[in-house]
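Engineer: A single structure is presented below for examination.
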Amino acid sequence: MLQEYGIDPSSIAGTGKDGRITKEDVVRVLNTGKVAPPPPPPASPPPSAPASAPPAPAAGARQTRRPMTSLRKRVAERLVKSQQTAAILTTFNEADMGAVLALRARYKERFEKRHGIRLGIMSFFVKAVVDALQTVPALNAQIDGDDIVQNPFFDIGVAVGTEQGLVVPVLRDADRLGFAEIELKIADFARRARERKLELAELAGGCYTISNGGVYGSLLSTPILNPPQSGILGLHAIKKRPVVVDDRVEIRPMMYLAQSYDHRLIDGSEAVTFLKRVVECVENPERMLLDI
């Protein structure tokens with residue numbers, strides 16, 4: 001307002017805290033046409049005060065404005081569509097990650113030496129989700145108009161965060177991939193996503209999505225469906241917590257799991273059975289290796 005009406009700030013006596021000029025002070029001057037005498041100069045700082053005060057904020061707007069990227073607009077459109085068209089419900093469980101972490105610690109050096117990639121936890125969850133989809137096929141289906149489309153394949157989307165936004169490349173036929181192949185493909189997806197070299201075909205046609213917010217420190221969340229899919233699994237940070245094991249309290253590395261699903265197609269019992277199967281596979285990873 002001072003700039004707009006060409007008023008010298010030193011000509012207004014501020015009534016705000018520490019003599020600051022308020023909007024009401026400016027309005028009063030505009031209404032009366034009188035400019036009050038300038039306020040007295042501030043007292044000298046005490047000897048202990050710093051020699052130089054911090055710079056004053058730059059004049060002008062306190063906000064910036066920039067256009068949304070095409071990727072961010074596309075993500076926003078899909079998320080809003082998911083919220084508006086699906087009956088999203090989330091069920092939660094927790095998994096003891098001790099067996100997976102022990103297996104990784106035992107074989108990580110030999111695994112990396114042989115395959116040229118580190119053994120992460122995503123490959124375990126991809127294999128667990130495939131197992132659960134085979135156990136509960138309803139999660140491997142989707143609604144198309146008045147029809148239910150059942151997928152006979154297992155194409156698993158893996159959410160990858162980039163500076164431009166979230167992308168979900170798809171692991172095709174994940175049931176036929178080994179642990180090393182899954183880890184190599186995910187690493188390749190992440191690298192090419194950062195370099196903006198993913199192809200559109202690699203982002204389309206997934207059956208189910210896994211999103212790992214734990215890498216950012218998330219402890220619990222409710223993931224949003226990736227339409228037209230009917231389910232998404234949210235992974236979270238591994239935290240040591242006291243839990244009861246065989247009637248004894250032990251400190252175990254635990255992870256909360258959250259599965260959101262389309263309640264139009266998936267019943268609660270199916271969603272819970274699916275998530276429990278994922279937990280069983282992760283807590284007993286040898287069953288995935290032995291296919292039992």
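Every chain in the structure tokens takes a letter, A first, then B, and so on in the order presented; its residues are numbered from 1, and the ligands are numbered from 1 following the presented order.
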As a ChimeraX atom specification, please: the residues near segment 125-137 of chain A (cut-off 6 Å, only C-alpha atoms, same-chain neighbours under 6 positions excluded).
Structural biologist: /A:274,277-278,281
Engineer: Output C-alpha atoms for every residue in the selection just made, as a PDB file, in the first residue's frame.
Structural biologist:
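This went into out-v7.pdb:
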ATOM      1  CA  PHE A 274      -4.055 -60.956   0.631  1.00  0.00           C
ATOM      2  CA  ARG A 277      -0.258 -63.750   2.757  1.00  0.00           C
ATOM      3  CA  VAL A 278       2.258 -61.003   1.990  1.00  0.00           C
ATOM      4  CA  CYS A 281       5.892 -64.685   2.708  1.00  0.00           C
TER       5      CYS A 281
END
Engineer: Taking the DSSP secondary structure from the backbone, can you list the residues of segment 205-287 of chain A that are alpha helix (DSSP H), as a list of chain:residue names?
Structural biologist: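 Selection result, alpha helix (DSSP H) within segment 205-287 of chain A: A:Gly268, A:Ser269, A:Glu270, A:Ala271, A:Val272, A:Thr273, A:Phe274, A:Leu275, A:Lys276, A:Arg277, A:Val278, A:Val279, A:Glu280, A:Cys281, A:Val282, A:Glu283, A:Glu286, A:Arg287.
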Engineer: Using only C-alpha atoms, which residues sit within 7 Å of Val100 of chain A once same-chain residues fewer than 3 positions away are excluded, as a list in words?
Structural biologist: Met97, Leu103, Arg104, Val282 and Pro285 of chain A
Engineer: Can you pull out the residues contacting segment 143-152 of chain A? Cut-off 12 Å, using only C-alpha atoms, and skip same-chain residues under 2 positions away; I want them as a tab-separated table (two decimals) with all heavy atoms, in the first residue's frame.
Structural biologist:
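Below is the file part_15.tsv, written as the result:
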chain	number	residue	atom	x	y	z
A	85	THR	N	-13.46	-42.03	-8.60
A	85	THR	CA	-14.11	-43.16	-9.27
A	85	THR	C	-14.07	-44.46	-8.48
A	85	THR	O	-14.89	-45.35	-8.71
A	85	THR	CB	-13.47	-43.40	-10.64
A	85	THR	OG1	-12.07	-43.70	-10.47
A	85	THR	CG2	-13.62	-42.19	-11.53
A	86	ALA	N	-13.12	-44.61	-7.57
A	86	ALA	CA	-12.98	-45.87	-6.83
A	86	ALA	C	-13.43	-45.70	-5.39
A	86	ALA	O	-13.38	-44.61	-4.83
A	86	ALA	CB	-11.53	-46.35	-6.87
A	87	ALA	N	-13.90	-46.81	-4.81
A	87	ALA	CA	-14.26	-46.82	-3.38
A	87	ALA	C	-13.04	-47.33	-2.62
A	87	ALA	O	-12.88	-48.52	-2.36
A	87	ALA	CB	-15.46	-47.73	-3.15
A	130	VAL	N	3.34	-61.28	-5.80
A	130	VAL	CA	2.97	-62.26	-6.83
A	130	VAL	C	2.33	-63.48	-6.18
A	130	VAL	O	1.29	-63.99	-6.65
A	130	VAL	CB	4.20	-62.66	-7.66
A	130	VAL	CG1	3.87	-63.86	-8.54
A	130	VAL	CG2	4.67	-61.49	-8.52
A	133	LEU	N	-1.13	-62.52	-5.04
A	133	LEU	CA	-2.06	-62.38	-6.17
A	133	LEU	C	-2.51	-63.75	-6.68
A	133	LEU	O	-3.65	-63.91	-7.12
A	133	LEU	CB	-1.40	-61.60	-7.31
A	133	LEU	CG	-1.20	-60.09	-7.09
A	133	LEU	CD1	-0.40	-59.48	-8.22
A	133	LEU	CD2	-2.54	-59.38	-6.94
A	134	GLN	N	-1.62	-64.72	-6.63
A	134	GLN	CA	-2.00	-66.08	-7.03
A	134	GLN	C	-2.95	-66.69	-6.01
A	134	GLN	O	-3.83	-67.48	-6.36
A	134	GLN	CB	-0.74	-66.94	-7.17
A	134	GLN	CG	0.14	-66.52	-8.33
A	134	GLN	CD	1.49	-67.21	-8.33
A	134	GLN	OE1	1.97	-67.65	-7.28
A	134	GLN	NE2	2.11	-67.31	-9.49
A	136	VAL	N	-5.05	-64.84	-3.97
A	136	VAL	CA	-6.30	-64.06	-4.00
A	136	VAL	C	-6.39	-63.37	-5.37
A	136	VAL	O	-6.02	-62.20	-5.51
A	136	VAL	CB	-6.35	-63.02	-2.86
A	136	VAL	CG1	-7.72	-62.36	-2.79
A	136	VAL	CG2	-6.00	-63.65	-1.52
A	137	PRO	N	-6.86	-64.06	-6.39
A	137	PRO	CA	-6.89	-63.49	-7.75
A	137	PRO	C	-7.76	-62.25	-7.89
A	137	PRO	O	-7.59	-61.50	-8.86
A	137	PRO	CB	-7.45	-64.65	-8.59
A	137	PRO	CG	-7.21	-65.89	-7.79
A	137	PRO	CD	-7.32	-65.46	-6.36
A	138	ALA	N	-8.66	-62.01	-6.96
A	138	ALA	CA	-9.53	-60.83	-7.07
A	138	ALA	C	-8.72	-59.54	-7.10
A	138	ALA	O	-9.13	-58.56	-7.73
A	138	ALA	CB	-10.52	-60.81	-5.90
A	139	LEU	N	-7.57	-59.53	-6.44
A	139	LEU	CA	-6.73	-58.33	-6.45
A	139	LEU	C	-6.03	-58.14	-7.78
A	139	LEU	O	-5.48	-57.07	-8.04
A	139	LEU	CB	-5.70	-58.42	-5.32
A	139	LEU	CG	-6.04	-57.78	-3.97
A	139	LEU	CD1	-6.20	-56.29	-4.05
A	139	LEU	CD2	-7.25	-58.44	-3.34
A	140	ASN	N	-6.03	-59.17	-8.62
A	140	ASN	CA	-5.40	-59.08	-9.93
A	140	ASN	C	-6.45	-58.84	-11.01
A	140	ASN	O	-6.31	-59.29	-12.15
A	140	ASN	CB	-4.61	-60.35	-10.24
A	140	ASN	CG	-3.56	-60.13	-11.33
A	140	ASN	OD1	-3.22	-59.00	-11.65
A	140	ASN	ND2	-3.05	-61.20	-11.89
A	141	ALA	N	-7.50	-58.15	-10.64
A	141	ALA	CA	-8.57	-57.82	-11.58
A	141	ALA	C	-8.88	-56.33	-11.47
A	141	ALA	O	-8.39	-55.63	-10.58
A	141	ALA	CB	-9.83	-58.64	-11.27
A	154	PHE	N	1.23	-61.21	-14.31
A	154	PHE	CA	1.61	-60.55	-13.06
A	154	PHE	C	2.61	-59.44	-13.38
A	154	PHE	O	3.82	-59.59	-13.22
A	154	PHE	CB	2.21	-61.56	-12.08
A	154	PHE	CG	1.26	-62.68	-11.75
A	154	PHE	CD1	1.25	-63.85	-12.50
A	154	PHE	CD2	0.36	-62.55	-10.70
A	154	PHE	CE1	0.36	-64.88	-12.21
A	154	PHE	CE2	-0.53	-63.58	-10.41
A	154	PHE	CZ	-0.53	-64.74	-11.16
A	155	ASP	N	2.07	-58.30	-13.82
A	155	ASP	CA	2.87	-57.12	-14.12
A	155	ASP	C	2.77	-56.17	-12.93
A	155	ASP	O	1.71	-55.59	-12.67
A	155	ASP	CB	2.36	-56.43	-15.39
A	155	ASP	CG	2.61	-57.27	-16.64
A	155	ASP	OD1	3.29	-58.30	-16.52
A	155	ASP	OD2	2.12	-56.90	-17.73
A	156	ILE	N	3.86	-56.02	-12.21
A	156	ILE	CA	3.86	-55.29	-10.94
A	156	ILE	C	4.49	-53.92	-11.12
A	156	ILE	O	5.65	-53.80	-11.55
A	156	ILE	CB	4.63	-56.07	-9.85
A	156	ILE	CG1	4.09	-57.51	-9.75
A	156	ILE	CG2	4.51	-55.36	-8.51
A	156	ILE	CD1	2.64	-57.61	-9.42
A	173	ASP	N	5.69	-59.62	-16.18
A	173	ASP	CA	5.79	-61.05	-15.84
A	173	ASP	C	6.73	-61.26	-14.65
A	173	ASP	O	7.70	-62.04	-14.71
A	173	ASP	CB	6.29	-61.85	-17.05
A	173	ASP	CG	5.30	-61.77	-18.21
A	173	ASP	OD1	4.09	-61.89	-17.96
A	173	ASP	OD2	5.75	-61.61	-19.36
A	175	ASP	N	6.33	-62.87	-12.08
A	175	ASP	CA	6.35	-64.25	-11.57
A	175	ASP	C	7.47	-65.07	-12.20
A	175	ASP	O	7.87	-66.10	-11.65
A	175	ASP	CB	5.01	-64.92	-11.82
A	175	ASP	CG	4.59	-64.90	-13.29
A	175	ASP	OD1	4.78	-63.83	-13.92
A	175	ASP	OD2	4.09	-65.92	-13.79
A	205	GLY	N	-0.13	-50.42	-18.04
A	205	GLY	CA	-0.59	-51.80	-18.03
A	205	GLY	C	-0.28	-52.62	-16.81
A	205	GLY	O	-0.38	-53.84	-16.85
A	206	GLY	N	0.08	-52.01	-15.69
A	206	GLY	CA	0.38	-52.78	-14.48
A	206	GLY	C	-0.88	-53.37	-13.86
A	206	GLY	O	-1.99	-52.86	-14.03
A	207	CYS	N	-0.70	-54.47	-13.11
A	207	CYS	CA	-1.81	-55.12	-12.42
A	207	CYS	C	-1.94	-54.66	-10.97
A	207	CYS	O	-3.04	-54.61	-10.42
A	207	CYS	CB	-1.61	-56.64	-12.42
A	207	CYS	SG	-1.41	-57.38	-14.04
A	208	TYR	N	-0.81	-54.35	-10.35
A	208	TYR	CA	-0.78	-54.03	-8.92
A	208	TYR	C	0.48	-53.20	-8.70
A	208	TYR	O	1.46	-53.32	-9.44
A	208	TYR	CB	-0.72	-55.34	-8.11
A	208	TYR	CG	-0.88	-55.18	-6.62
A	208	TYR	CD1	-2.12	-55.34	-6.02
A	208	TYR	CD2	0.20	-54.91	-5.80
A	208	TYR	CE1	-2.28	-55.21	-4.65
A	208	TYR	CE2	0.06	-54.77	-4.43
A	208	TYR	CZ	-1.18	-54.92	-3.85
A	208	TYR	OH	-1.34	-54.79	-2.49
A	227	PRO	N	-5.02	-46.02	-10.85
A	227	PRO	CA	-6.09	-46.53	-11.72
A	227	PRO	C	-5.54	-47.06	-13.04
A	227	PRO	O	-4.54	-46.54	-13.55
A	227	PRO	CB	-6.98	-45.29	-11.94
A	227	PRO	CG	-6.08	-44.13	-11.71
A	227	PRO	CD	-5.10	-44.57	-10.66
A	228	PRO	N	-6.17	-48.12	-13.57
A	228	PRO	CA	-7.41	-48.78	-13.12
A	228	PRO	C	-7.17	-49.95	-12.17
A	228	PRO	O	-8.04	-50.79	-12.01
A	228	PRO	CB	-8.00	-49.26	-14.43
A	228	PRO	CG	-6.82	-49.65	-15.25
A	228	PRO	CD	-5.75	-48.64	-14.90
A	229	GLN	N	-5.99	-50.03	-11.56
A	229	GLN	CA	-5.68	-51.15	-10.69
A	229	GLN	C	-6.59	-51.16	-9.47
A	229	GLN	O	-7.15	-50.14	-9.07
A	229	GLN	CB	-4.22	-51.07	-10.24
A	229	GLN	CG	-3.22	-51.16	-11.40
A	229	GLN	CD	-1.79	-50.91	-10.95
A	229	GLN	OE1	-1.47	-50.97	-9.78
A	229	GLN	NE2	-0.93	-50.62	-11.92
A	230	SER	N	-6.70	-52.35	-8.87
A	230	SER	CA	-7.60	-52.52	-7.72
A	230	SER	C	-6.88	-52.59	-6.39
A	230	SER	O	-7.52	-52.69	-5.35
A	230	SER	CB	-8.44	-53.79	-7.91
A	230	SER	OG	-9.24	-53.69	-9.06
A	231	GLY	N	-5.54	-52.56	-6.41
A	231	GLY	CA	-4.81	-52.66	-5.16
A	231	GLY	C	-3.44	-52.02	-5.25
A	231	GLY	O	-2.82	-51.93	-6.31
A	262	ASP	N	-9.83	-51.32	-4.01
A	262	ASP	CA	-11.11	-50.83	-4.52
A	262	ASP	C	-12.22	-51.70	-3.94
A	262	ASP	O	-12.40	-52.85	-4.35
A	262	ASP	CB	-11.12	-50.88	-6.05
A	262	ASP	CG	-12.31	-50.15	-6.65
A	262	ASP	OD1	-13.28	-49.87	-5.90
A	262	ASP	OD2	-12.28	-49.86	-7.86
A	263	HIS	N	-12.98	-51.14	-3.02
A	263	HIS	CA	-14.00	-51.91	-2.31
A	263	HIS	C	-15.19	-52.25	-3.22
A	263	HIS	O	-16.03	-53.07	-2.86
A	263	HIS	CB	-14.48	-51.13	-1.08
A	263	HIS	CG	-14.97	-52.00	0.03
A	263	HIS	ND1	-15.03	-53.37	-0.05
A	263	HIS	CD2	-15.44	-51.68	1.27
A	263	HIS	CE1	-15.50	-53.87	1.08
A	263	HIS	NE2	-15.76	-52.87	1.90
A	264	ARG	N	-15.27	-51.63	-4.38
A	264	ARG	CA	-16.31	-52.00	-5.33
A	264	ARG	C	-16.11	-53.43	-5.82
A	264	ARG	O	-17.08	-54.13	-6.16
A	264	ARG	CB	-16.31	-51.06	-6.54
A	264	ARG	CG	-16.61	-49.61	-6.23
A	264	ARG	CD	-16.51	-48.79	-7.50
A	264	ARG	NE	-15.18	-48.90	-8.10
A	264	ARG	CZ	-14.88	-48.52	-9.34
A	264	ARG	NH1	-15.83	-47.98	-10.11
A	264	ARG	NH2	-13.65	-48.64	-9.82
A	265	LEU	N	-14.87	-53.85	-5.88
A	265	LEU	CA	-14.53	-55.16	-6.43
A	265	LEU	C	-13.99	-56.11	-5.38
A	265	LEU	O	-14.23	-57.32	-5.44
A	265	LEU	CB	-13.48	-54.98	-7.55
A	265	LEU	CG	-12.98	-56.24	-8.25
A	265	LEU	CD1	-14.14	-56.95	-8.94
A	265	LEU	CD2	-11.90	-55.88	-9.26
A	266	ILE	N	-13.27	-55.59	-4.40
A	266	ILE	CA	-12.58	-56.42	-3.41
A	266	ILE	C	-13.33	-56.36	-2.08
A	266	ILE	O	-13.58	-55.28	-1.55
A	266	ILE	CB	-11.13	-55.94	-3.20
A	266	ILE	CG1	-10.44	-55.73	-4.55
A	266	ILE	CG2	-10.37	-56.92	-2.33
A	266	ILE	CD1	-10.39	-56.94	-5.42
Engineer: Would you mind reading off the distance between atom CA of Ala174 of chain A and atom CA of Lys239 of chain A, one decimal, in Å?
Structural biologist: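 Answer for the atom CA of Ala174 of chain A to atom CA of Lys239 of chain A separation: 28.1 Å.
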Engineer: Quick check, in Å to one decimal: how far apart do atom CA of Val272 of chain A and atom CA of Arg78 of chain A lie?
Structural biologist: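 Between these atoms lies a distance of 25.7 Å.
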Engineer: In segment 70-156 of chain A, what's strand (DSSP E or B) per DSSP? Answer as a list in words?
Structural biologist: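 Across segment 70-156 of chain A, those assigned strand (DSSP E or B) are Ile88, Leu89, Thr90, Thr91, Phe92, Asn93, Glu94, Ala95, Asp96, Ala141, Gln142, Ile143, Asp144, Asp147, Ile148, Val149, Gln150 and Ile156 of chain A.
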Engineer: Go through A:Ile117, A:Ala258, A:Ile186, A:Ile12 and flag the residue nearest Arg28 of chain A, using only C-alpha atoms for the distances.
Structural biologist: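 Of A:Ile117, A:Ala258, A:Ile186, A:Ile12, the one nearest Arg28 of chain A is A:Ile12, counting only C-alpha atoms.
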